[in-house]
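*Asks:* Once you've had a glance at the structure underneath, I'll fire off some questions.
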Amino acid sequence: MNLTYHALGDTGMQIVFGSEISEKTNQSIRMVANELKQHPIEGVVEWVPAYTTLTLYYQPSVLTYDELQAKITDFYEVLQEQKGPVSDSLVYLLPTYYGGEIGEDLSVVAEQNGLSEEDVVHIHSSQDYLIYMMGFVPGFPYLGGMSEKIATPRREDPRAEIAPGSVGIAGSQTGVYPLKSPGGWQLIGRTPVKLYDLDQEQPILLESGSYIRFVPVSKQEFDEIESAVERGEYTVQTEEKKGVPS
């Protein structure tokens with residue numbers, strides 16, 4: 001895979017890893033991001049991964065655009081020669097109550113795809129979803145990997161207000177609303193876990209390169225976890241997902 005570079009003003013560089021949105025592309029992005037984290041380049045202030053790109057912000061008074069491009073190219077060539085696995089990832093287990101008043105579009109998704117509501121829940125909760133990038137609003141994860149069996153178009157009449165933690169489907173994507181906001185996704189459930197919490201040292205729970213798994217819970221379990229979250233007594237469970245060869 002050959003990298004291409006684009007200047008973003010006089011302090012930014014966008015590195016393009018190809019046009020295919022895939023776990024393989026994401027692994028290459030993660031390899032370079034991990035290398036930057038472990039071996040910082042003086043003058044690089046921040047890097048932001050996306051579906052097929054990694055954007056770097058740097059100080060032109062410390063290094064030039066051409067110098068930065070040369071360093072990244074060297075990074076990448078060495079990493080490609082090593083052909084080792086990317087670093088392990090975390091899988092965040094998000095307890096989710098499906099259906100009912102807080103997942104009122106579950107029946108719509110089921111009808112759209114000729115499935116039962118139980119089938120939709122099983123399919124949706126049987127996949128680990130890769131977080132390709134974060135954005136839209138603080139804490140919102142852009143996920144990949146949802147089965148086409150439950151793909152459903154957005155609502156024709158978007159809601160003016162959606163509760164934090166709402167789990168939805170829009171086309172071939174699924175996601176979780178971290179904040180109260182308007183939206184047109186089909187709501188199938190809700191997690192009591194806070195994806196964005198200003199009271200925490202790290203306000204944003206998730207990060208790109210990690211995974212989400214939705215774990216079905218009963219309404220009683222949902223209420224109990226929600227109360228524990230409000231008391232600050234709940235810790236999100238995680239599992240380790242081994243890195244795979246690039």
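Simple scheme: letters A, B, ... for chains in structure tokens order, numbers from 1 for residues in each chain, numbers from 1 for ligands in the order shown.
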I want to know what sits within 9 Å of Lys194 (chain A), based on only C-alpha atoms, with residues of the same chain fewer than 5 positions away left out; could you give that as a PDB file with N, CA and C atoms, in the first residue's frame?

*Replies:*
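Here's the written file around32.pdb:
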ATOM      1  N   PRO A 164     -29.049  10.500  25.415  1.00  0.00           N
ATOM      2  CA  PRO A 164     -27.697   9.931  25.428  1.00  0.00           C
ATOM      3  C   PRO A 164     -27.749   8.425  25.654  1.00  0.00           C
ATOM      4  N   GLY A 165     -26.873   7.704  24.982  1.00  0.00           N
ATOM      5  CA  GLY A 165     -26.818   6.257  25.123  1.00  0.00           C
ATOM      6  C   GLY A 165     -27.699   5.511  24.143  1.00  0.00           C
ATOM      7  N   PRO A 178     -23.742   9.811  22.130  1.00  0.00           N
ATOM      8  CA  PRO A 178     -23.128  10.075  23.429  1.00  0.00           C
ATOM      9  C   PRO A 178     -23.778  11.244  24.175  1.00  0.00           C
ATOM     10  N   LEU A 179     -24.452  12.124  23.424  1.00  0.00           N
ATOM     11  CA  LEU A 179     -25.060  13.309  24.000  1.00  0.00           C
ATOM     12  C   LEU A 179     -26.495  13.447  23.508  1.00  0.00           C
ATOM     13  N   ILE A 204     -14.000  11.281  27.316  1.00  0.00           N
ATOM     14  CA  ILE A 204     -14.444  10.418  26.227  1.00  0.00           C
ATOM     15  C   ILE A 204     -14.007   8.988  26.518  1.00  0.00           C
ATOM     16  N   LEU A 205     -14.974   8.092  26.605  1.00  0.00           N
ATOM     17  CA  LEU A 205     -14.696   6.708  26.998  1.00  0.00           C
ATOM     18  C   LEU A 205     -13.939   5.943  25.929  1.00  0.00           C
ATOM     19  N   VAL A 229     -24.146   3.768  37.463  1.00  0.00           N
ATOM     20  CA  VAL A 229     -23.419   4.780  36.686  1.00  0.00           C
ATOM     21  C   VAL A 229     -23.594   6.153  37.324  1.00  0.00           C
TER      22      VAL A 229
END

*Asks:* Can you list, as a PyMOL selection string, every residue of region 118-213 of chain A that DSSP puts in alpha helix (DSSP H)?

*Replies:* chain A and resi 118-124

*Asks:* Using only C-alpha atoms, which protein or nucleic acid residues come within 6 Å of region 120-131 of chain A? Drop anything in the same chain fewer than 6 positions from it, and give the result as number ranges by chain.

*Replies:* A: 141-145, 208-214

*Asks:* Excluding region 26-28 of chain A and its own-chain neighbours fewer than 3 positions away, which residues fall within 8 Å of it when counting only C-alpha atoms? Please give them as a PyMOL selection string.

*Replies:* chain A and resi 17+21-23+31-32+51-52+86+132+209+246

*Asks:* One decimal, in Å: what's the spacing between CA of Gln59 (chain A) and CA of Phe75 (chain A)?

*Replies:* 19.0 Å
